[in-house]
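Shown next: run-v3.tsv, containing TSV, C-alpha atoms (C1' of nucleotides).
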```
chain	number	residue	atom	x	y	z
A	1	MET	CA	75.60	44.99	25.09
A	2	PRO	CA	74.85	47.54	27.51
A	3	GLU	CA	76.52	47.48	30.86
A	4	LEU	CA	76.22	50.28	33.38
A	5	PRO	CA	78.26	52.86	31.42
A	6	GLU	CA	76.19	52.35	28.29
A	7	VAL	CA	72.90	52.45	30.17
A	8	GLU	CA	73.92	55.58	32.07
A	9	THR	CA	75.24	57.22	28.89
A	10	THR	CA	71.89	56.48	27.29
A	11	ARG	CA	69.99	57.89	30.25
A	12	ARG	CA	71.97	61.12	30.22
A	13	SER	CA	71.46	61.52	26.49
A	14	PHE	CA	67.66	61.74	26.65
A	15	ALA	CA	66.52	62.33	30.24
A	16	GLU	CA	66.52	66.12	30.16
A	17	ARG	CA	64.93	66.36	26.76
A	18	ILE	CA	62.03	64.07	27.54
A	19	GLU	CA	61.32	65.24	31.08
A	20	GLY	CA	58.03	67.10	31.21
A	21	ALA	CA	56.82	65.75	27.87
A	22	THR	CA	53.31	64.37	27.44
A	23	VAL	CA	52.73	60.93	25.96
A	24	ARG	CA	50.80	61.03	22.71
A	25	ALA	CA	50.94	57.39	21.68
A	26	VAL	CA	52.71	54.09	22.21
A	27	ARG	CA	53.63	51.72	19.41
A	28	LEU	CA	54.69	48.14	20.06
A	29	GLY	CA	56.68	45.95	17.68
A	30	LYS	CA	57.53	42.30	18.20
A	31	PRO	CA	57.38	40.93	21.76
A	32	LEU	CA	60.28	41.74	24.05
A	33	ARG	CA	61.37	39.73	27.04
A	34	TRP	CA	58.18	40.44	28.97
A	35	PRO	CA	54.84	41.90	27.99
A	36	LEU	CA	54.31	45.60	28.61
A	37	GLY	CA	51.79	44.77	31.29
A	38	CYS	CA	49.22	47.44	30.47
A	39	ASP	CA	47.07	48.70	27.65
A	40	PRO	CA	49.39	50.93	25.60
A	41	ALA	CA	46.53	53.36	25.06
A	42	SER	CA	46.32	53.88	28.84
A	43	LEU	CA	49.66	55.71	28.73
A	44	GLN	CA	48.30	58.47	26.50
A	45	GLY	CA	48.20	61.86	28.15
A	46	ARG	CA	50.60	60.96	30.95
A	47	ARG	CA	53.42	63.29	31.88
A	48	VAL	CA	57.01	62.01	31.68
A	49	GLY	CA	59.20	62.51	34.74
A	50	ARG	CA	62.97	62.34	35.38
A	51	ALA	CA	64.55	59.10	34.13
A	52	THR	CA	66.71	57.31	36.69
A	53	ARG	CA	68.93	54.24	36.57
A	54	ARG	CA	69.30	51.26	38.90
A	55	GLY	CA	71.95	48.77	37.79
A	56	LYS	CA	71.32	48.25	34.09
A	57	TYR	CA	67.65	49.16	34.36
A	58	LEU	CA	66.14	52.54	33.55
A	59	TRP	CA	63.05	53.83	35.27
A	60	LEU	CA	60.96	56.33	33.36
A	61	PRO	CA	58.31	57.80	35.65
A	62	LEU	CA	54.90	58.56	34.19
A	63	ASP	CA	51.90	59.82	36.12
A	64	ALA	CA	50.89	57.20	38.70
A	65	GLY	CA	53.51	54.69	37.66
A	66	GLY	CA	56.28	54.32	35.16
A	67	LEU	CA	58.15	52.15	32.72
A	68	LEU	CA	61.06	49.93	33.66
A	69	LEU	CA	63.35	49.53	30.66
A	70	HIS	CA	66.19	47.10	30.06
A	71	LEU	CA	68.39	47.05	26.97
A	72	GLY	CA	69.26	43.35	27.15
A	73	MET	CA	72.20	42.37	24.97
A	74	SER	CA	71.52	44.35	21.84
A	75	GLY	CA	69.16	47.15	22.79
A	76	SER	CA	69.56	50.86	22.36
A	77	LEU	CA	67.30	53.86	22.82
A	78	ALA	CA	67.04	56.76	20.42
A	79	PHE	CA	65.22	60.01	21.07
A	80	GLY	CA	64.35	62.32	18.24
A	81	GLU	CA	61.81	64.63	16.70
A	82	GLY	CA	59.98	63.71	13.57
A	83	ALA	CA	58.23	60.53	12.59
A	84	VAL	CA	60.75	57.99	11.38
A	85	PRO	CA	59.00	54.80	10.25
A	86	PRO	CA	59.88	51.84	12.44
A	87	GLY	CA	62.44	49.34	11.19
A	88	ALA	CA	62.37	45.58	11.67
A	89	HIS	CA	64.10	45.83	15.06
A	90	ASP	CA	62.20	48.78	16.50
A	91	HIS	CA	59.94	47.23	19.13
A	92	PHE	CA	58.79	50.09	21.33
A	93	ASP	CA	58.03	53.73	20.57
A	94	LEU	CA	56.96	56.26	23.15
A	95	VAL	CA	55.65	59.15	21.10
A	96	THR	CA	55.51	62.42	23.03
A	97	ASP	CA	54.87	66.06	22.23
A	98	ARG	CA	58.63	66.64	22.42
A	99	GLY	CA	59.81	63.72	20.33
A	100	MET	CA	59.83	59.98	20.23
A	101	LEU	CA	61.78	57.57	22.42
A	102	ARG	CA	62.42	54.36	20.47
A	103	LEU	CA	63.85	51.05	21.61
A	104	THR	CA	65.74	49.18	18.89
A	105	ASP	CA	66.68	45.66	19.92
A	106	PRO	CA	67.49	42.98	17.32
A	107	ARG	CA	67.78	40.12	19.80
A	108	ARG	CA	64.79	41.21	21.91
A	109	PHE	CA	66.32	40.31	25.27
A	110	GLY	CA	65.39	43.82	26.34
A	111	ALA	CA	62.20	44.80	28.08
A	112	VAL	CA	59.75	47.62	28.70
A	113	VAL	CA	57.47	46.90	31.64
A	114	TRP	CA	54.74	49.02	33.15
A	115	SER	CA	54.65	49.26	36.93
A	116	SER	CA	52.31	51.29	39.12
A	117	ALA	CA	55.39	52.38	41.12
A	118	ILE	CA	59.09	51.56	41.27
A	119	ASP	CA	58.60	49.90	44.65
A	120	GLN	CA	55.68	47.79	43.49
A	121	PRO	CA	55.78	44.63	41.38
A	122	PRO	CA	56.85	43.95	38.76
A	123	ALA	CA	59.52	46.67	39.00
A	124	ALA	CA	60.26	45.97	42.65
A	125	THR	CA	60.62	42.26	41.95
A	126	LEU	CA	63.09	42.83	39.13
A	127	LEU	CA	65.13	45.36	41.08
A	128	GLY	CA	64.81	43.57	44.42
A	129	GLY	CA	67.76	41.22	44.15
A	130	LEU	CA	70.24	43.81	42.95
A	131	GLY	CA	73.46	44.53	44.78
A	132	LEU	CA	74.98	47.91	45.59
A	133	GLU	CA	75.57	50.61	43.03
A	134	PRO	CA	79.31	50.70	42.34
A	135	PHE	CA	79.52	54.43	43.14
A	136	ASP	CA	77.62	54.03	46.41
A	137	PRO	CA	80.08	54.85	49.21
A	138	ALA	CA	78.88	51.66	50.89
A	139	PHE	CA	80.51	49.63	48.13
A	140	THR	CA	83.92	49.13	49.71
A	141	GLY	CA	86.52	46.40	49.81
A	142	GLU	CA	85.18	45.47	53.21
A	143	HIS	CA	81.65	45.11	51.87
A	144	LEU	CA	82.89	43.06	48.93
A	145	HIS	CA	84.99	40.81	51.15
A	146	ARG	CA	82.08	40.17	53.48
A	147	ALA	CA	79.67	39.47	50.61
A	148	LEU	CA	82.08	37.02	48.96
A	149	ARG	CA	82.70	35.03	52.12
A	150	GLY	CA	81.91	31.35	51.69
A	151	ARG	CA	81.16	31.65	47.99
A	152	ARG	CA	82.91	29.10	45.84
A	153	VAL	CA	82.07	30.45	42.40
A	154	ALA	CA	84.85	32.07	40.46
A	155	ILE	CA	85.29	35.75	41.28
A	156	LYS	CA	84.46	36.71	37.70
A	157	GLN	CA	81.06	35.04	37.95
A	158	ALA	CA	80.41	36.54	41.35
A	159	LEU	CA	80.98	40.01	39.89
A	160	LEU	CA	78.69	39.29	36.95
A	161	ALA	CA	75.89	37.92	39.11
A	162	GLY	CA	74.91	41.44	40.16
A	163	ASP	CA	73.72	40.53	43.64
A	164	ILE	CA	76.78	42.05	45.31
A	165	VAL	CA	77.52	44.97	43.04
A	166	VAL	CA	75.65	45.95	39.87
A	167	GLY	CA	76.81	47.40	36.61
A	168	ALA	CA	79.88	45.41	35.60
A	169	GLY	CA	79.00	43.07	32.74
A	170	ASN	CA	81.31	40.87	30.75
A	171	ILE	CA	83.59	43.60	29.42
A	172	TYR	CA	84.05	45.58	32.62
A	173	ALA	CA	84.27	42.55	34.92
A	174	CYS	CA	87.20	41.32	32.81
A	175	GLU	CA	88.81	44.76	32.79
A	176	ALA	CA	88.37	45.33	36.53
A	177	LEU	CA	89.92	41.95	37.37
A	178	PHE	CA	92.85	42.77	35.12
A	179	GLU	CA	93.34	46.11	36.79
A	180	ALA	CA	93.18	44.49	40.23
A	181	GLY	CA	95.63	41.75	39.17
A	182	ILE	CA	93.24	38.95	40.13
A	183	ASP	CA	92.88	35.67	38.21
A	184	PRO	CA	89.20	35.48	37.16
A	185	ARG	CA	89.09	31.79	38.18
A	186	THR	CA	89.92	32.51	41.82
A	187	PRO	CA	87.19	31.19	44.12
A	188	ALA	CA	85.31	34.28	45.27
A	189	GLY	CA	85.58	33.43	48.95
A	190	ARG	CA	89.36	33.20	48.72
A	191	VAL	CA	89.96	36.75	47.54
A	192	SER	CA	91.77	38.46	50.41
A	193	ARG	CA	90.54	41.62	52.07
A	194	ALA	CA	93.44	43.61	50.58
A	195	ARG	CA	92.61	42.37	47.11
A	196	CYS	CA	88.91	43.12	47.65
A	197	ASP	CA	89.98	46.71	48.36
A	198	ARG	CA	91.81	46.79	45.05
A	199	LEU	CA	88.95	45.10	43.22
A	200	ALA	CA	86.26	47.45	44.52
A	201	ALA	CA	88.43	50.41	43.51
A	202	ALA	CA	89.09	48.84	40.09
A	203	VAL	CA	85.38	48.26	39.42
A	204	ARG	CA	84.64	51.89	40.22
A	205	ARG	CA	87.58	53.22	38.22
A	206	ILE	CA	86.88	51.14	35.12
A	207	LEU	CA	83.17	52.00	35.12
A	208	ALA	CA	83.97	55.69	35.63
A	209	GLN	CA	86.49	55.65	32.80
A	210	ALA	CA	84.00	53.90	30.50
A	211	LEU	CA	81.38	56.48	31.44
A	212	ASP	CA	83.81	59.26	30.50
A	213	LEU	CA	84.27	57.59	27.11
A	214	GLY	CA	80.55	57.16	26.46
A	215	GLY	CA	80.67	53.40	27.04
A	216	SER	CA	81.81	50.69	24.64
A	217	THR	CA	80.50	50.14	21.14
A	218	LEU	CA	81.33	46.61	20.03
A	219	ARG	CA	78.89	46.49	17.17
A	220	ASP	CA	75.68	48.40	17.64
A	221	PHE	CA	75.58	50.41	20.85
A	222	ARG	CA	74.51	54.03	20.42
A	223	ASP	CA	73.27	56.56	22.93
A	224	ALA	CA	69.97	58.36	22.37
A	225	HIS	CA	71.76	60.89	20.14
A	226	GLY	CA	73.17	58.08	18.00
A	227	MET	CA	76.71	58.51	19.36
A	228	ALA	CA	78.99	55.49	19.70
A	229	GLY	CA	81.17	54.87	22.76
A	230	SER	CA	84.93	54.45	22.60
A	231	PHE	CA	85.99	52.50	25.71
A	232	GLN	CA	86.57	49.37	23.62
A	233	GLN	CA	89.68	51.02	22.21
A	234	HIS	CA	91.09	51.21	25.74
A	235	ALA	CA	90.30	47.66	26.80
A	236	ALA	CA	93.37	45.93	28.20
A	237	VAL	CA	92.12	42.36	27.83
A	238	TYR	CA	88.51	42.16	26.59
A	239	GLY	CA	88.37	40.91	23.02
A	240	ARG	CA	92.17	40.73	22.82
A	241	GLU	CA	92.76	36.98	22.83
A	242	ALA	CA	96.34	36.07	21.83
A	243	GLN	CA	97.40	39.70	21.64
A	244	PRO	CA	100.26	40.77	23.91
A	245	CYS	CA	99.36	42.14	27.34
A	246	ALA	CA	100.17	45.87	27.35
A	247	VAL	CA	101.87	45.50	30.74
A	248	CYS	CA	103.97	42.34	30.42
A	249	GLY	CA	103.70	41.20	26.82
A	250	ALA	CA	102.32	37.76	27.62
A	251	PRO	CA	99.50	36.66	25.28
A	252	VAL	CA	96.02	37.43	26.57
A	253	ARG	CA	94.02	34.26	27.17
A	254	ARG	CA	90.35	33.53	26.54
A	255	ILE	CA	88.55	30.96	28.65
A	256	VAL	CA	84.86	30.19	29.16
A	257	GLN	CA	83.20	30.66	32.55
A	258	GLY	CA	79.47	30.13	32.93
A	259	GLN	CA	79.10	30.02	29.15
A	260	ARG	CA	80.64	33.49	28.80
A	261	SER	CA	84.05	34.40	27.46
A	262	THR	CA	86.59	35.65	29.98
A	263	PHE	CA	89.75	37.44	28.87
A	264	PHE	CA	92.76	37.78	31.17
A	265	CYS	CA	96.52	37.99	31.36
A	266	PRO	CA	97.84	34.76	32.91
A	267	SER	CA	100.99	36.55	34.00
A	268	CYS	CA	99.62	39.78	35.52
A	269	GLN	CA	96.56	38.16	37.12
A	270	ARG	CA	97.12	35.70	39.97
A	271	ARG	CA	95.06	33.61	42.32
B	1	DA	C1'	71.49	28.04	49.86
B	2	DA	C1'	74.64	27.99	46.31
B	3	DG	C1'	75.98	26.42	41.93
B	4	DT	C1'	74.99	24.94	37.09
B	5	DG	C1'	73.00	24.87	32.69
B	6	DG	C1'	69.33	26.10	29.59
B	7	DA	C1'	66.37	29.40	27.79
B	8	DC	C1'	65.11	33.57	25.29
B	9	DC	C1'	66.41	35.72	19.73
B	10	DT	C1'	68.83	37.59	15.74
B	11	DG	C1'	72.90	38.80	13.14
B	12	DC	C1'	77.55	38.55	11.92
B	13	DT	C1'	81.95	36.25	10.81
B	14	DA	C1'	85.23	32.66	10.12
B	15	DG	C1'	86.03	28.45	8.11
B	16	DC	C1'	85.18	24.75	5.06
C	1	DT	C1'	79.54	31.50	-3.54
C	2	DG	C1'	77.06	29.20	0.01
C	3	DC	C1'	76.27	26.68	4.16
C	4	DT	C1'	77.34	25.94	9.15
C	5	DA	C1'	79.11	26.51	13.55
C	6	DG	C1'	80.27	29.56	16.86
C	7	DC	C1'	80.02	33.81	18.99
C	8	DA	C1'	77.94	38.35	20.84
C	9	DG	C1'	77.24	43.78	25.76
C	10	DG	C1'	72.10	40.03	30.04
C	11	DT	C1'	69.66	37.65	33.41
C	12	DC	C1'	65.77	34.84	34.68
C	13	DC	C1'	64.36	30.25	35.84
C	14	DA	C1'	64.41	25.32	36.86
C	15	DC	C1'	66.95	21.89	38.67
C	16	DT	C1'	70.62	19.48	41.62
```
Same coordinates, now as structure tokens:
Amino acid sequence: MPELPEVETTRRSFAERIEGATVRAVRLGKPLRWPLGCDPASLQGRRVGRATRRGKYLWLPLDAGGLLLHLGMSGSLAFGEGAVPPGAHDHFDLVTDRGMLRLTDPRRFGAVVWSSAIDQPPAATLLGGLGLEPFDPAFTGEHLHRALRGRRVAIKQALLAGDIVVGAGNIYACEALFEAGIDPRTPAGRVSRARCDRLAAAVRRILAQALDLGGSTLRDFRDAHGMAGSFQQHAAVYGREAQPCAVCGAPVRRIVQGQRSTFFCPSCQRR
DNA sequence: AAGTGGACCTGCTAGC
DNA sequence: TGCTAGCAGGTCCACT
């Protein structure tokens, strides 16, 4: 599910309301990707700080540490007052004096991990290999071109890998490559400097547009207010196999790269 | 070092 | 109607 726009939309929807709250209790459901890494009772009484985002991870500071959260493929966070009984897919509740933050995640690829600080393991280890933030001014065509040099993987997979630039998942990598007019199968190291300029701009523009639209809701994404996103209605290629390209009319193709679907227009996107 | 494939887990849909 | 195969927004890890 959640790529950068969904994670950031989620962050914005609860960060201000939970900041300054005091933790009353923690409830765990079924296991997530990794164990919490602390006694849940040890979080009681801690003060919640300002939630931040790095890539697709959220960092929720608590006194003397914090929680690193990831939504995996199917996770979403909800924040609300009142005690709603947990459902079968509710696997983490942070109950505070201002309301409860709840992670719902049917597939359980998500995670909530305690760390004594964001720059200490395990948080630092998980965040350590991440590439630049797409809206970092340092993320330029020049940076992208340099980072791709010598890499033989397809450009689509290089974007998804997250070690050069974070935030673009399967939907937005496809959309950015469409906007930049680049065939997703192009070997990463063969994308010219000029096209890297276009691609870096396209990644930023697509992610910004998706952010404006509250992300994409394919099936179950909701922000912490329960609001769905609407970017999926603006997708040019993602999920549109065999439908006519809005620019040239050629049928959109679906191929598989690294066991993930890639959608592209074989006419508008070239090697 | 870079590339590849498998693993994690559940739910939904299309097709027979 | 019911079963099965295939697919889904991520990313870590082991292996070549």
Using only C-alpha atoms (C1' of nucleotides), what does the table of region 69-156 of chain A residues within 8 Å of region 4-13 of chain B look like, with each row giving the shortest atom pair and its distance in Å to one decimal, sorted by chain and ascending number, as a tab-separated table?
```
residue	atom	partner	partner_atom	distance
A:Pro106	CA	B:DT10	C1'	5.8
A:Arg107	CA	B:DC9	C1'	4.6
A:Arg108	CA	B:DC9	C1'	6.1
A:Phe109	CA	B:DC8	C1'	6.8
```
Write a file of the just-selected residues containing C-alpha atoms, as a CSV table (one decimal), in the coordinates of the input.
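This is the output file selection31.csv:
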```
chain,number,residue,atom,x,y,z
A,106,PRO,CA,67.5,43.0,17.3
A,107,ARG,CA,67.8,40.1,19.8
A,108,ARG,CA,64.8,41.2,21.9
A,109,PHE,CA,66.3,40.3,25.3
```
*Taking into account all atoms listed in the file, which residue in the set A:Leu160, A:Ala208, A:Cys196, A:Ala202 is nearest to chain C?*
A:Leu160
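Interatomic distance, CA of Phe263 (chain A) against CA of Val237 (chain A): 5.6 Å.
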*Surrounding residues of DA1 (chain B) excluding itself and chain neighbours under 2 positions, 12 Å, all atoms listed in the file, as a PyMOL selection string*: (chain A and resi 150-151) or (chain B and resi 3) or (chain C and resi 16)
_Set the distance at 8 Å and use only C-alpha atoms (C1' of nucleotides): which residues neighbour DG9 (chain C) once local chain neighbours fewer than 4 positions away are removed? I'd like the list as a list in words._
Met1, Pro2, Glu3, Met73, Ser74, Gly169, Asn170, Ile171 and Leu218 of chain A
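Shortest separation to chain C among A:Arg190, A:His225, A:Arg270, A:Arg33 occurs at residue A:Arg33, atoms counted being all atoms listed in the file.
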Could you list, with a cut-off of 12 Å and counting only C-alpha atoms (C1' of nucleotides), the residues of chain C near chain A, each shown with its nearest atom pair and the distance in Å rounded to one decimal, rows sorted by chain and ascending number, as CSV?
```
residue,atom,partner,partner_atom,distance
C:DC7,C1',A:Ser261,CA,9.4
C:DA8,C1',A:Met73,CA,8.1
C:DG9,C1',A:Met1,CA,2.1
C:DG10,C1',A:Gly72,CA,5.2
C:DT11,C1',A:Ala161,CA,8.4
C:DC12,C1',A:Leu126,CA,9.5
```
Some atoms are missing, so please complete region 46-68 of chain A with N, CA and C atoms and return it as an mmCIF file, in the frame of the given file.
```
data_model
loop_
_atom_site.group_PDB
_atom_site.id
_atom_site.type_symbol
_atom_site.label_atom_id
_atom_site.label_comp_id
_atom_site.auth_asym_id
_atom_site.auth_seq_id
_atom_site.Cartn_x
_atom_site.Cartn_y
_atom_site.Cartn_z
ATOM 1 N N ARG A 46 49.798 60.910 29.711
ATOM 2 C CA ARG A 46 50.600 60.960 30.950
ATOM 3 C C ARG A 46 51.836 61.828 30.758
ATOM 4 N N ARG A 47 52.260 62.405 31.859
ATOM 5 C CA ARG A 47 53.420 63.290 31.880
ATOM 6 C C ARG A 47 54.671 62.490 32.214
ATOM 7 N N VAL A 48 55.753 62.725 31.479
ATOM 8 C CA VAL A 48 57.010 62.010 31.680
ATOM 9 C C VAL A 48 57.844 62.718 32.752
ATOM 10 N N GLY A 49 58.367 61.943 33.676
ATOM 11 C CA GLY A 49 59.200 62.510 34.740
ATOM 12 C C GLY A 49 60.688 62.340 34.456
ATOM 13 N N ARG A 50 61.516 62.412 35.508
ATOM 14 C CA ARG A 50 62.970 62.340 35.380
ATOM 15 C C ARG A 50 63.433 60.882 35.342
ATOM 16 N N ALA A 51 64.084 60.486 34.252
ATOM 17 C CA ALA A 51 64.550 59.100 34.130
ATOM 18 C C ALA A 51 65.697 58.838 35.096
ATOM 19 N N THR A 52 65.634 57.705 35.762
ATOM 20 C CA THR A 52 66.710 57.310 36.690
ATOM 21 C C THR A 52 67.209 55.929 36.281
ATOM 22 N N ARG A 53 68.336 55.537 36.886
ATOM 23 C CA ARG A 53 68.930 54.240 36.570
ATOM 24 C C ARG A 53 69.175 53.464 37.855
ATOM 25 N N ARG A 54 68.931 52.153 37.804
ATOM 26 C CA ARG A 54 69.300 51.260 38.900
ATOM 27 C C ARG A 54 69.947 50.049 38.253
ATOM 28 N N GLY A 55 71.248 49.840 38.474
ATOM 29 C CA GLY A 55 71.950 48.770 37.790
ATOM 30 C C GLY A 55 71.910 49.044 36.297
ATOM 31 N N LYS A 56 71.428 48.082 35.539
ATOM 32 C CA LYS A 56 71.320 48.250 34.090
ATOM 33 C C LYS A 56 69.884 48.535 33.682
ATOM 34 N N TYR A 57 69.031 48.813 34.655
ATOM 35 C CA TYR A 57 67.650 49.160 34.360
ATOM 36 C C TYR A 57 67.469 50.672 34.349
ATOM 37 N N LEU A 58 66.565 51.140 33.520
ATOM 38 C CA LEU A 58 66.140 52.540 33.550
ATOM 39 C C LEU A 58 64.702 52.589 34.016
ATOM 40 N N TRP A 59 64.416 53.600 34.808
ATOM 41 C CA TRP A 59 63.050 53.830 35.270
ATOM 42 C C TRP A 59 62.594 55.170 34.718
ATOM 43 N N LEU A 60 61.507 55.119 33.947
ATOM 44 C CA LEU A 60 60.960 56.330 33.360
ATOM 45 C C LEU A 60 59.614 56.605 34.014
ATOM 46 N N PRO A 61 59.563 57.562 34.935
ATOM 47 C CA PRO A 61 58.310 57.800 35.650
ATOM 48 C C PRO A 61 57.263 58.436 34.735
ATOM 49 N N LEU A 62 56.053 57.940 34.834
ATOM 50 C CA LEU A 62 54.900 58.560 34.190
ATOM 51 C C LEU A 62 53.925 58.845 35.329
ATOM 52 N N ASP A 63 52.862 59.563 35.048
ATOM 53 C CA ASP A 63 51.900 59.820 36.120
ATOM 54 C C ASP A 63 51.419 58.494 36.698
ATOM 55 N N ALA A 64 51.434 58.381 38.018
ATOM 56 C CA ALA A 64 50.890 57.200 38.700
ATOM 57 C C ALA A 64 51.510 55.906 38.203
ATOM 58 N N GLY A 65 52.831 55.914 38.066
ATOM 59 C CA GLY A 65 53.510 54.690 37.660
ATOM 60 C C GLY A 65 54.725 55.015 36.811
ATOM 61 N N GLY A 66 55.129 54.065 36.019
ATOM 62 C CA GLY A 66 56.280 54.320 35.160
ATOM 63 C C GLY A 66 56.650 53.082 34.378
ATOM 64 N N LEU A 67 57.681 53.252 33.549
ATOM 65 C CA LEU A 67 58.150 52.150 32.720
ATOM 66 C C LEU A 67 59.552 51.750 33.158
ATOM 67 N N LEU A 68 59.738 50.464 33.362
ATOM 68 C CA LEU A 68 61.060 49.930 33.660
ATOM 69 C C LEU A 68 61.610 49.402 32.336
#
```
